[in-house]
$ cat upload.tsv   # TSV, C-alpha atoms
chain	number	residue	atom	x	y	z
M	1	MET	CA	104.63	-111.47	5.82
M	2	LYS	CA	108.27	-111.69	6.77
M	3	ARG	CA	111.53	-110.03	5.95
M	4	LEU	CA	114.58	-112.13	5.37
M	5	LEU	CA	118.30	-111.40	5.63
M	6	ALA	CA	120.31	-114.30	4.21
M	7	GLY	CA	121.35	-117.74	5.67
M	8	THR	CA	122.17	-121.73	6.01
M	9	LEU	CA	123.86	-123.19	9.07
M	10	ALA	CA	127.18	-124.86	9.59
M	11	ALA	CA	129.87	-125.50	12.24
M	12	ALA	CA	129.91	-127.50	15.41
M	13	LEU	CA	128.70	-125.45	18.33
M	14	ALA	CA	126.61	-126.12	21.42
M	15	LEU	CA	125.87	-123.23	23.75
M	16	GLY	CA	124.17	-123.51	27.15
M	17	LEU	CA	121.44	-121.24	28.38
M	18	THR	CA	122.15	-118.38	30.77
M	19	GLY	CA	119.32	-116.98	32.88
M	20	CYS	CA	116.62	-118.30	30.54
M	21	GLY	CA	114.26	-119.89	33.01
M	22	GLN	CA	112.59	-116.83	34.47
M	23	GLN	CA	108.81	-116.55	34.39
M	24	GLN	CA	106.54	-113.64	33.54
M	25	GLU	CA	105.60	-111.61	36.58
M	26	GLU	CA	101.91	-111.29	37.32
M	27	GLY	CA	100.46	-108.01	36.13
M	28	ASP	CA	103.36	-107.16	33.81
M	29	ALA	CA	102.16	-104.94	30.98
M	30	LYS	CA	104.39	-106.70	28.42
M	31	PRO	CA	103.47	-110.37	27.95
M	32	VAL	CA	106.11	-113.03	27.33
M	33	ILE	CA	106.31	-114.09	23.70
M	34	SER	CA	105.34	-117.73	23.22
M	35	LEU	CA	107.89	-120.17	21.85
M	36	TYR	CA	105.20	-121.67	19.64
M	37	PRO	CA	102.96	-118.83	18.43
M	38	GLU	CA	99.92	-119.75	16.38
M	39	GLN	CA	100.58	-116.83	14.05
M	40	GLN	CA	103.59	-114.68	13.29
M	41	GLU	CA	103.48	-111.13	12.00
M	42	GLU	CA	105.36	-109.59	9.12
M	43	CYS	CA	109.09	-110.09	8.99
M	44	ASP	CA	111.60	-108.58	6.58
M	45	ALA	CA	114.57	-110.46	5.15
M	46	LYS	CA	117.75	-108.74	4.02
M	47	PRO	CA	120.28	-111.37	2.96
M	48	VAL	CA	123.72	-110.70	1.50
M	49	ILE	CA	125.69	-113.16	-0.65
M	50	TYR	CA	129.50	-113.37	-0.85
M	51	LEU	CA	131.26	-115.12	-3.76
M	52	TYR	CA	134.81	-116.43	-3.32
M	53	PRO	CA	136.11	-118.22	-6.44
M	54	GLU	CA	139.65	-119.60	-6.57
M	55	GLN	CA	140.41	-117.33	-9.52
M	56	GLN	CA	138.64	-114.49	-11.34
M	57	THR	CA	135.36	-115.99	-12.50
M	58	GLU	CA	132.19	-114.91	-14.30
M	59	VAL	CA	129.34	-115.95	-12.01
M	60	GLU	CA	125.56	-116.01	-12.50
M	61	VAL	CA	123.27	-116.14	-9.47
M	62	SER	CA	119.49	-116.51	-9.55
M	63	LEU	CA	117.00	-116.51	-6.68
M	64	ASP	CA	113.78	-118.52	-6.60
M	65	TYR	CA	111.99	-116.75	-3.77
M	66	ASP	CA	108.65	-117.75	-2.29
M	67	GLY	CA	107.66	-114.18	-1.55
M	68	THR	CA	107.93	-110.64	-2.86
M	69	LEU	CA	111.36	-109.28	-3.72
M	70	THR	CA	111.32	-105.66	-2.52
M	71	ALA	CA	114.91	-104.53	-3.19
M	72	ALA	CA	118.20	-105.76	-4.63
M	73	TYR	CA	121.68	-104.27	-5.06
M	74	PRO	CA	123.06	-104.49	-7.64
M	75	ALA	CA	119.79	-104.55	-9.56
M	76	TYR	CA	118.27	-108.01	-9.98
M	77	GLU	CA	117.32	-108.55	-13.63
M	78	ASN	CA	116.44	-112.23	-13.98
M	79	GLY	CA	119.47	-112.84	-11.83
M	80	TRP	CA	122.86	-111.30	-11.13
M	81	ARG	CA	125.83	-111.56	-13.51
M	82	VAL	CA	129.12	-110.46	-12.01
M	83	THR	CA	132.85	-111.01	-12.21
M	84	ALA	CA	134.05	-112.34	-8.85
M	85	GLU	CA	137.60	-112.14	-7.47
M	86	PRO	CA	139.11	-114.58	-4.93
M	87	ASP	CA	138.89	-111.93	-2.18
M	88	GLY	CA	135.13	-111.57	-2.76
M	89	THR	CA	135.24	-108.31	-4.73
M	90	LEU	CA	132.53	-108.21	-7.40
M	91	HIS	CA	132.22	-106.15	-10.60
M	92	ASP	CA	129.24	-105.84	-12.93
M	93	GLU	CA	129.47	-105.46	-16.71
M	94	ASN	CA	129.84	-101.68	-16.33
M	95	GLY	CA	132.84	-102.03	-14.01
M	96	ASN	CA	130.95	-101.03	-10.83
M	97	GLU	CA	132.39	-102.63	-7.69
M	98	TYR	CA	130.45	-104.41	-4.93
M	99	SER	CA	131.34	-106.25	-1.73
M	100	TYR	CA	128.41	-108.68	-2.01
M	101	LEU	CA	124.98	-109.23	-3.57
M	102	PHE	CA	122.11	-107.85	-1.50
M	103	TRP	CA	118.42	-108.63	-1.60
M	104	GLU	CA	115.37	-107.89	0.50
M	105	GLY	CA	112.00	-109.58	0.47
M	106	GLU	CA	108.76	-110.26	2.28
M	107	ASN	CA	107.04	-113.62	2.74
M	108	ASP	CA	104.86	-115.68	5.09
M	109	ALA	CA	107.41	-118.24	6.29
M	110	ASP	CA	106.64	-119.86	9.64
M	111	TYR	CA	110.02	-120.08	11.37
M	112	ASP	CA	110.96	-122.87	13.77
M	113	PHE	CA	111.69	-121.85	17.38
M	114	SER	CA	111.71	-125.36	18.87
M	115	LYS	CA	115.49	-125.04	19.41
M	116	GLY	CA	117.74	-122.02	19.70
M	117	PHE	CA	119.11	-119.64	22.31
M	118	CYS	CA	117.76	-117.16	24.85
M	119	VAL	CA	120.26	-114.30	25.11
M	120	ALA	CA	120.23	-111.17	27.25
M	121	GLY	CA	120.22	-108.06	25.08
M	122	ALA	CA	123.44	-106.81	26.66
M	123	ASP	CA	125.16	-110.09	25.71
M	124	THR	CA	124.05	-110.04	22.07
M	125	ALA	CA	127.32	-108.85	20.50
M	126	ASP	CA	129.45	-111.45	22.30
M	127	PHE	CA	126.93	-114.21	21.57
M	128	LEU	CA	126.72	-113.42	17.86
M	129	ARG	CA	130.49	-113.09	17.51
M	130	GLU	CA	131.12	-116.48	19.12
M	131	THR	CA	128.22	-118.29	17.48
M	132	LEU	CA	128.68	-116.97	13.95
M	133	SER	CA	132.40	-117.67	14.10
M	134	GLY	CA	131.62	-121.25	15.17
M	135	ILE	CA	129.07	-121.65	12.38
M	136	GLY	CA	131.71	-120.66	9.84
M	137	LEU	CA	131.57	-116.93	9.11
M	138	THR	CA	134.83	-114.97	8.82
M	139	PRO	CA	135.42	-111.83	10.96
M	140	ARG	CA	134.53	-109.63	7.98
M	141	GLU	CA	131.25	-111.51	7.45
M	142	TYR	CA	130.14	-111.80	11.07
M	143	ASN	CA	131.08	-108.19	11.83
M	144	GLU	CA	128.87	-106.99	8.97
M	145	PHE	CA	126.09	-109.22	10.32
M	146	ILE	CA	126.51	-107.84	13.85
M	147	VAL	CA	126.65	-104.21	12.72
M	148	TYR	CA	123.27	-104.63	11.04
M	149	TRP	CA	121.43	-106.54	13.78
M	150	LEU	CA	123.01	-105.34	17.04
M	151	PRO	CA	121.20	-101.95	17.20
M	152	LYS	CA	117.86	-103.77	16.93
M	153	MET	CA	118.67	-106.38	19.59
M	154	GLN	CA	120.97	-105.04	22.30
M	155	GLY	CA	118.33	-102.82	23.95
M	156	ASN	CA	115.86	-105.69	24.50
M	157	PRO	CA	115.79	-107.43	27.89
M	158	TYR	CA	116.23	-110.76	26.08
M	159	ASN	CA	116.20	-112.13	22.55
M	160	LEU	CA	115.01	-115.56	21.46
M	161	ILE	CA	117.24	-116.65	18.57
M	162	SER	CA	116.94	-119.66	16.27
M	163	PHE	CA	119.10	-120.24	13.20
M	164	GLN	CA	116.96	-121.67	10.41
M	165	SER	CA	117.82	-124.30	7.82
M	166	GLU	CA	115.17	-125.70	5.44
M	167	ARG	CA	112.52	-123.29	6.76
M	168	TYR	CA	114.59	-120.57	5.11
M	169	THR	CA	116.41	-122.25	2.22
M	170	ASP	CA	113.31	-124.02	0.83
M	171	GLY	CA	111.66	-120.62	0.36
M	172	ALA	CA	114.74	-118.83	-1.01
M	173	LYS	CA	116.50	-121.19	-3.41
M	174	LEU	CA	119.76	-120.08	-5.01
M	175	THR	CA	121.04	-121.31	-8.37
M	176	ILE	CA	124.70	-120.46	-8.95
M	177	ASP	CA	126.72	-121.03	-12.14
M	178	PRO	CA	129.40	-122.27	-11.90
M	179	LYS	CA	128.24	-124.48	-9.03
M	180	PRO	CA	130.14	-123.72	-5.82
M	181	ASP	CA	132.29	-126.37	-4.15
M	182	SER	CA	131.15	-125.26	-0.68
M	183	GLU	CA	128.12	-123.21	0.33
M	184	LEU	CA	127.09	-121.76	3.70
M	185	ARG	CA	123.74	-120.03	4.20
M	186	VAL	CA	123.14	-118.57	7.68
M	187	PHE	CA	119.70	-117.22	8.53
M	188	MET	CA	118.73	-115.99	12.00
M	189	ALA	CA	115.09	-115.71	13.07
M	190	TRP	CA	114.67	-113.89	16.37
M	191	LYS	CA	112.11	-112.38	18.74
M	192	PRO	CA	112.48	-109.68	21.38
M	193	LEU	CA	111.44	-110.93	24.84
M	194	ASN	CA	110.44	-109.07	27.95
M	195	ARG	CA	111.35	-112.09	30.10
M	196	ALA	CA	113.75	-114.98	29.54
M	197	GLN	CA	112.45	-118.36	28.40
M	198	PRO	CA	113.99	-121.83	28.42
M	199	ILE	CA	114.82	-123.38	25.05
M	200	GLU	CA	116.84	-126.39	23.95
M	201	PRO	CA	120.16	-125.19	22.45
M	202	GLN	CA	120.99	-125.74	18.78
M	203	THR	CA	124.09	-127.48	17.47
M	204	PHE	CA	125.48	-127.14	13.95
M	205	PRO	CA	127.51	-129.31	11.59
M	206	SER	CA	131.04	-128.23	10.76
M	207	PHE	CA	131.74	-126.18	7.63
M	208	GLU	CA	134.96	-126.08	5.63
M	209	ARG	CA	135.72	-123.65	2.82
M	210	ASP	CA	136.99	-125.68	-0.10
M	211	GLY	CA	137.32	-124.40	-3.67
M	212	PHE	CA	134.72	-121.93	-4.95
M	213	THR	CA	132.90	-120.89	-1.77
M	214	VAL	CA	129.58	-119.07	-1.46
M	215	VAL	CA	128.47	-117.58	1.87
M	216	GLU	CA	125.13	-115.94	2.61
M	217	TRP	CA	123.83	-114.44	5.83
M	218	GLY	CA	120.49	-112.94	6.69
M	219	GLY	CA	117.88	-112.61	9.38
M	220	CYS	CA	114.33	-111.79	10.35
M	221	GLU	CA	112.76	-110.20	13.40
M	222	VAL	CA	109.50	-111.97	14.27
M	223	THR	CA	107.40	-109.43	16.13
M	224	LYS	CA	104.66	-111.65	17.53
$ encode --input "upload.tsv" --output "structure tokens"
Amino acid sequence: MKRLLAGTLAAALALGLTGCGQQQEEGDAKPVISLYPEQQEECDAKPVIYLYPEQQTEVEVSLDYDGTLTAAYPAYENGWRVTAEPDGTLHDENGNEYSYLFWEGENDADYDFSKGFCVAGADTADFLRETLSGIGLTPREYNEFIVYWLPKMQGNPYNLISFQSERYTDGAKLTIDPKPDSELRVFMAWKPLNRAQPIEPQTFPSFERDGFTVVEWGGCEVTK
């Protein structure tokens, strides 16, 4: 089972590997995590969804999730129905204000680590800032992403990171009315490593915000 935190990929970016070719030392008590594990353990997803219409708009969002929805804020009742402002501020029918839609779930997705990045724990903040900015997140969005994930990642010797596309979006489909003009879903699967490993770097297509824009980010720590 896996936990998700929202995401699709976009923006041109190619990063090289730094110190990712080291091998496991003989007799080390902590084995290196394989790039291609036969089985992955539970992983939690906690995505957030931002809505940026060009003018104040009533928006309905529904989630078709191949897993178990464990939490949502505001409450998910056959979908979310909110009034969205151009700056991303959301209000429900009772006038309560939100910065984004949040959901959490568990599933059995098998994430793809054939390409990605091997990053030293101490370099995590700089890596995420640069990479997420290149993918297309704004400072507000990528800072909220970093604040959530950094405490879990910076203390590890290394982290193996791969941004997912269809492996994530096929299992967490969004239906949004009115249909957005541009949509960016960023989802990071990652594993803590005791030793660095080589991996082919990912590149991403460019993303431009045009008209009604929807942005989602999320992530999942794979622990095996």
$ closest_residue --input "upload.tsv" --among "M:Thr213, M:Thr89, M:Ser99, M:Asn78" --to "Pro178 of chain M" --atoms "all atoms listed in the file"
M:Thr213
$ closest_residue --input "upload.tsv" --among "M:Phe207, M:Gly121, M:Asp177, M:Trp149" --to "Asn194 of chain M" --atoms "all atoms listed in the file"
M:Gly121
$ closest_residue --input "upload.tsv" --among "M:Glu200, M:Glu97, M:Glu85, M:Glu166" --to "Phe113 of chain M" --atoms "all atoms listed in the file"
M:Glu200
$ atom_distance --input "upload.tsv" --atom1 "atom CA of Ser114 of chain M" --atom2 "atom CA of Ile199 of chain M"
7.2 Å
$ residues_around --input "upload.tsv" --residues "Arg167 of chain M" --least-positions-apart "2" --cutoff "12 Å" --atoms "all atoms listed in the file" --output "mmCIF file with C-alpha atoms, in the frame of the given file"
data_model
loop_
_atom_site.group_PDB
_atom_site.id
_atom_site.type_symbol
_atom_site.label_atom_id
_atom_site.label_comp_id
_atom_site.auth_asym_id
_atom_site.auth_seq_id
_atom_site.Cartn_x
_atom_site.Cartn_y
_atom_site.Cartn_z
ATOM 1 C CA LEU M 4 114.580 -112.130 5.370
ATOM 2 C CA GLY M 7 121.350 -117.740 5.670
ATOM 3 C CA THR M 8 122.170 -121.730 6.010
ATOM 4 C CA LEU M 9 123.860 -123.190 9.070
ATOM 5 C CA ASP M 66 108.650 -117.750 -2.290
ATOM 6 C CA ASN M 107 107.040 -113.620 2.740
ATOM 7 C CA ASP M 108 104.860 -115.680 5.090
ATOM 8 C CA ALA M 109 107.410 -118.240 6.290
ATOM 9 C CA ASP M 110 106.640 -119.860 9.640
ATOM 10 C CA TYR M 111 110.020 -120.080 11.370
ATOM 11 C CA ASP M 112 110.960 -122.870 13.770
ATOM 12 C CA PHE M 113 111.690 -121.850 17.380
ATOM 13 C CA SER M 162 116.940 -119.660 16.270
ATOM 14 C CA PHE M 163 119.100 -120.240 13.200
ATOM 15 C CA GLN M 164 116.960 -121.670 10.410
ATOM 16 C CA SER M 165 117.820 -124.300 7.820
ATOM 17 C CA THR M 169 116.410 -122.250 2.220
ATOM 18 C CA ASP M 170 113.310 -124.020 0.830
ATOM 19 C CA GLY M 171 111.660 -120.620 0.360
ATOM 20 C CA ALA M 172 114.740 -118.830 -1.010
ATOM 21 C CA LYS M 173 116.500 -121.190 -3.410
ATOM 22 C CA ARG M 185 123.740 -120.030 4.200
ATOM 23 C CA VAL M 186 123.140 -118.570 7.680
ATOM 24 C CA PHE M 187 119.700 -117.220 8.530
ATOM 25 C CA MET M 188 118.730 -115.990 12.000
ATOM 26 C CA ALA M 189 115.090 -115.710 13.070
#
$ atom_distance --input "upload.tsv" --atom1 "atom CA of Phe117 of chain M" --atom2 "atom CA of Arg140 of chain M"
23.3 Å
$ closest_residue --input "upload.tsv" --among "M:Leu51, M:Val119, M:Cys220, M:Val59" --to "Trp190 of chain M" --atoms "only C-alpha atoms"
M:Cys220
$ axis_aligned_box --input "upload.tsv" --around "segment 152-156 of chain M" --padding-each-side "4 Å" --output "AutoDock Vina command-line options"
--center_x 118.4 --center_y -104.6 --center_z 20.7 --size_x 13.1 --size_y 11.6 --size_z 15.6
$ atom_distance --input "upload.tsv" --atom1 "atom CA of Leu193 of chain M" --atom2 "atom CA of Thr223 of chain M"
9.7 Å
$ closest_residue --input "upload.tsv" --among "M:Tyr142, M:Trp217, M:Phe212, M:Tyr52" --to "Phe102 of chain M" --atoms "all atoms listed in the file"
M:Trp217
$ residues_around --input "upload.tsv" --residues "Asp92 of chain M" --least-positions-apart "6" --cutoff "10 Å" --atoms "only C-alpha atoms" --output "ChimeraX atom specification"
/M:58,74,80-84,98
$ write_last_selection --input "upload.tsv" --atoms "C-alpha atoms" --output "PDB file, keeping the file's coordinate frame"
ATOM      1  CA  GLU M  58     132.190-114.910 -14.300  1.00  0.00           C
ATOM      2  CA  PRO M  74     123.060-104.490  -7.640  1.00  0.00           C
ATOM      3  CA  TRP M  80     122.860-111.300 -11.130  1.00  0.00           C
ATOM      4  CA  ARG M  81     125.830-111.560 -13.510  1.00  0.00           C
ATOM      5  CA  VAL M  82     129.120-110.460 -12.010  1.00  0.00           C
ATOM      6  CA  THR M  83     132.850-111.010 -12.210  1.00  0.00           C
ATOM      7  CA  ALA M  84     134.050-112.340  -8.850  1.00  0.00           C
ATOM      8  CA  TYR M  98     130.450-104.410  -4.930  1.00  0.00           C
TER       9      TYR M  98
END
$ residues_near_point --input "upload.tsv" --point "(115.7, -112.9, 22.9)" --cutoff "8 Å" --atoms "only C-alpha atoms" --output "PyMOL selection string"
chain M and resi 117-121+153+156-161+190-193+196
$ closest_residue --input "upload.tsv" --among "M:Arg209, M:Ala75, M:Asn96, M:Arg129" --to "Phe145 of chain M" --atoms "all atoms listed in the file"
M:Arg129
$ decode --input "upload.tsv" --residues "segment 59-70 of chain M" --atoms "all heavy atoms" --output "PDB file, in the first residue's frame"
ATOM      1  N   VAL M  59     -16.144  26.031  -9.014  1.00  0.00           N
ATOM      2  CA  VAL M  59     -15.404  24.893  -9.567  1.00  0.00           C
ATOM      3  C   VAL M  59     -15.797  23.616  -8.827  1.00  0.00           C
ATOM      4  O   VAL M  59     -15.912  23.605  -7.594  1.00  0.00           O
ATOM      5  CB  VAL M  59     -13.878  25.101  -9.445  1.00  0.00           C
ATOM      6  CG1 VAL M  59     -13.127  23.920 -10.076  1.00  0.00           C
ATOM      7  CG2 VAL M  59     -13.458  26.410 -10.110  1.00  0.00           C
ATOM      8  N   GLU M  60     -15.984  22.541  -9.582  1.00  0.00           N
ATOM      9  CA  GLU M  60     -16.217  21.213  -9.022  1.00  0.00           C
ATOM     10  C   GLU M  60     -15.037  20.312  -9.381  1.00  0.00           C
ATOM     11  O   GLU M  60     -14.606  20.287 -10.537  1.00  0.00           O
ATOM     12  CB  GLU M  60     -17.515  20.611  -9.548  1.00  0.00           C
ATOM     13  CG  GLU M  60     -18.763  21.367  -9.111  1.00  0.00           C
ATOM     14  CD  GLU M  60     -20.040  20.668  -9.515  1.00  0.00           C
ATOM     15  OE1 GLU M  60     -19.953  19.503  -9.992  1.00  0.00           O
ATOM     16  OE2 GLU M  60     -21.124  21.262  -9.360  1.00  0.00           O
ATOM     17  N   VAL M  61     -14.539  19.598  -8.392  1.00  0.00           N
ATOM     18  CA  VAL M  61     -13.391  18.703  -8.588  1.00  0.00           C
ATOM     19  C   VAL M  61     -13.752  17.335  -8.020  1.00  0.00           C
ATOM     20  O   VAL M  61     -14.193  17.229  -6.871  1.00  0.00           O
ATOM     21  CB  VAL M  61     -12.129  19.237  -7.875  1.00  0.00           C
ATOM     22  CG1 VAL M  61     -10.952  18.276  -8.095  1.00  0.00           C
ATOM     23  CG2 VAL M  61     -11.778  20.636  -8.351  1.00  0.00           C
ATOM     24  N   SER M  62     -13.563  16.298  -8.819  1.00  0.00           N
ATOM     25  CA  SER M  62     -13.791  14.936  -8.321  1.00  0.00           C
ATOM     26  C   SER M  62     -12.552  14.091  -8.567  1.00  0.00           C
ATOM     27  O   SER M  62     -11.798  14.312  -9.529  1.00  0.00           O
ATOM     28  CB  SER M  62     -15.012  14.295  -8.983  1.00  0.00           C
ATOM     29  OG  SER M  62     -14.843  14.190 -10.385  1.00  0.00           O
ATOM     30  N   LEU M  63     -12.335  13.117  -7.714  1.00  0.00           N
ATOM     31  CA  LEU M  63     -11.148  12.265  -7.741  1.00  0.00           C
ATOM     32  C   LEU M  63     -11.569  10.816  -7.912  1.00  0.00           C
ATOM     33  O   LEU M  63     -12.365  10.291  -7.133  1.00  0.00           O
ATOM     34  CB  LEU M  63     -10.373  12.428  -6.429  1.00  0.00           C
ATOM     35  CG  LEU M  63      -9.200  11.482  -6.176  1.00  0.00           C
ATOM     36  CD1 LEU M  63      -8.073  11.744  -7.173  1.00  0.00           C
ATOM     37  CD2 LEU M  63      -8.689  11.634  -4.737  1.00  0.00           C
ATOM     38  N   ASP M  64     -11.067  10.177  -8.951  1.00  0.00           N
ATOM     39  CA  ASP M  64     -11.267   8.747  -9.179  1.00  0.00           C
ATOM     40  C   ASP M  64      -9.961   8.059  -8.788  1.00  0.00           C
ATOM     41  O   ASP M  64      -9.016   7.996  -9.572  1.00  0.00           O
ATOM     42  CB  ASP M  64     -11.610   8.484 -10.647  1.00  0.00           C
ATOM     43  CG  ASP M  64     -11.851   7.005 -10.939  1.00  0.00           C
ATOM     44  OD1 ASP M  64     -11.881   6.200  -9.987  1.00  0.00           O
ATOM     45  OD2 ASP M  64     -11.980   6.652 -12.133  1.00  0.00           O
ATOM     46  N   TYR M  65      -9.926   7.539  -7.565  1.00  0.00           N
ATOM     47  CA  TYR M  65      -8.676   7.072  -6.969  1.00  0.00           C
ATOM     48  C   TYR M  65      -8.662   5.561  -6.851  1.00  0.00           C
ATOM     49  O   TYR M  65      -9.575   4.959  -6.274  1.00  0.00           O
ATOM     50  CB  TYR M  65      -8.521   7.719  -5.597  1.00  0.00           C
ATOM     51  CG  TYR M  65      -7.257   7.338  -4.865  1.00  0.00           C
ATOM     52  CD1 TYR M  65      -6.023   7.397  -5.480  1.00  0.00           C
ATOM     53  CD2 TYR M  65      -7.300   6.936  -3.529  1.00  0.00           C
ATOM     54  CE1 TYR M  65      -4.867   7.058  -4.812  1.00  0.00           C
ATOM     55  CE2 TYR M  65      -6.148   6.609  -2.840  1.00  0.00           C
ATOM     56  CZ  TYR M  65      -4.934   6.663  -3.489  1.00  0.00           C
ATOM     57  OH  TYR M  65      -3.794   6.328  -2.816  1.00  0.00           O
ATOM     58  N   ASP M  66      -7.628   4.948  -7.382  1.00  0.00           N
ATOM     59  CA  ASP M  66      -7.454   3.503  -7.312  1.00  0.00           C
ATOM     60  C   ASP M  66      -6.773   3.137  -6.001  1.00  0.00           C
ATOM     61  O   ASP M  66      -5.612   2.722  -5.962  1.00  0.00           O
ATOM     62  CB  ASP M  66      -6.626   3.019  -8.504  1.00  0.00           C
ATOM     63  CG  ASP M  66      -6.510   1.501  -8.553  1.00  0.00           C
ATOM     64  OD1 ASP M  66      -7.313   0.825  -7.875  1.00  0.00           O
ATOM     65  OD2 ASP M  66      -5.611   0.996  -9.260  1.00  0.00           O
ATOM     66  N   GLY M  67      -7.491   3.340  -4.922  1.00  0.00           N
ATOM     67  CA  GLY M  67      -6.951   3.086  -3.591  1.00  0.00           C
ATOM     68  C   GLY M  67      -7.980   3.489  -2.550  1.00  0.00           C
ATOM     69  O   GLY M  67      -9.161   3.640  -2.848  1.00  0.00           O
ATOM     70  N   THR M  68      -7.515   3.690  -1.335  1.00  0.00           N
ATOM     71  CA  THR M  68      -8.386   4.068  -0.225  1.00  0.00           C
ATOM     72  C   THR M  68      -8.119   5.509   0.165  1.00  0.00           C
ATOM     73  O   THR M  68      -6.998   5.850   0.553  1.00  0.00           O
ATOM     74  CB  THR M  68      -8.148   3.147   0.990  1.00  0.00           C
ATOM     75  OG1 THR M  68      -8.383   1.793   0.620  1.00  0.00           O
ATOM     76  CG2 THR M  68      -9.078   3.533   2.137  1.00  0.00           C
ATOM     77  N   LEU M  69      -9.127   6.351   0.057  1.00  0.00           N
ATOM     78  CA  LEU M  69      -9.000   7.740   0.486  1.00  0.00           C
ATOM     79  C   LEU M  69      -9.084   7.777   2.003  1.00  0.00           C
ATOM     80  O   LEU M  69     -10.070   7.342   2.598  1.00  0.00           O
ATOM     81  CB  LEU M  69     -10.126   8.573  -0.138  1.00  0.00           C
ATOM     82  CG  LEU M  69      -9.989  10.093  -0.070  1.00  0.00           C
ATOM     83  CD1 LEU M  69      -8.795  10.559  -0.894  1.00  0.00           C
ATOM     84  CD2 LEU M  69     -11.269  10.755  -0.584  1.00  0.00           C
ATOM     85  N   THR M  70      -8.036   8.269   2.661  1.00  0.00           N
ATOM     86  CA  THR M  70      -7.970   8.229   4.126  1.00  0.00           C
ATOM     87  C   THR M  70      -8.249   9.583   4.787  1.00  0.00           C
ATOM     88  O   THR M  70      -8.553   9.631   5.970  1.00  0.00           O
ATOM     89  CB  THR M  70      -6.589   7.724   4.578  1.00  0.00           C
ATOM     90  OG1 THR M  70      -5.567   8.562   4.019  1.00  0.00           O
ATOM     91  CG2 THR M  70      -6.362   6.293   4.110  1.00  0.00           C
TER      92      THR M  70
END
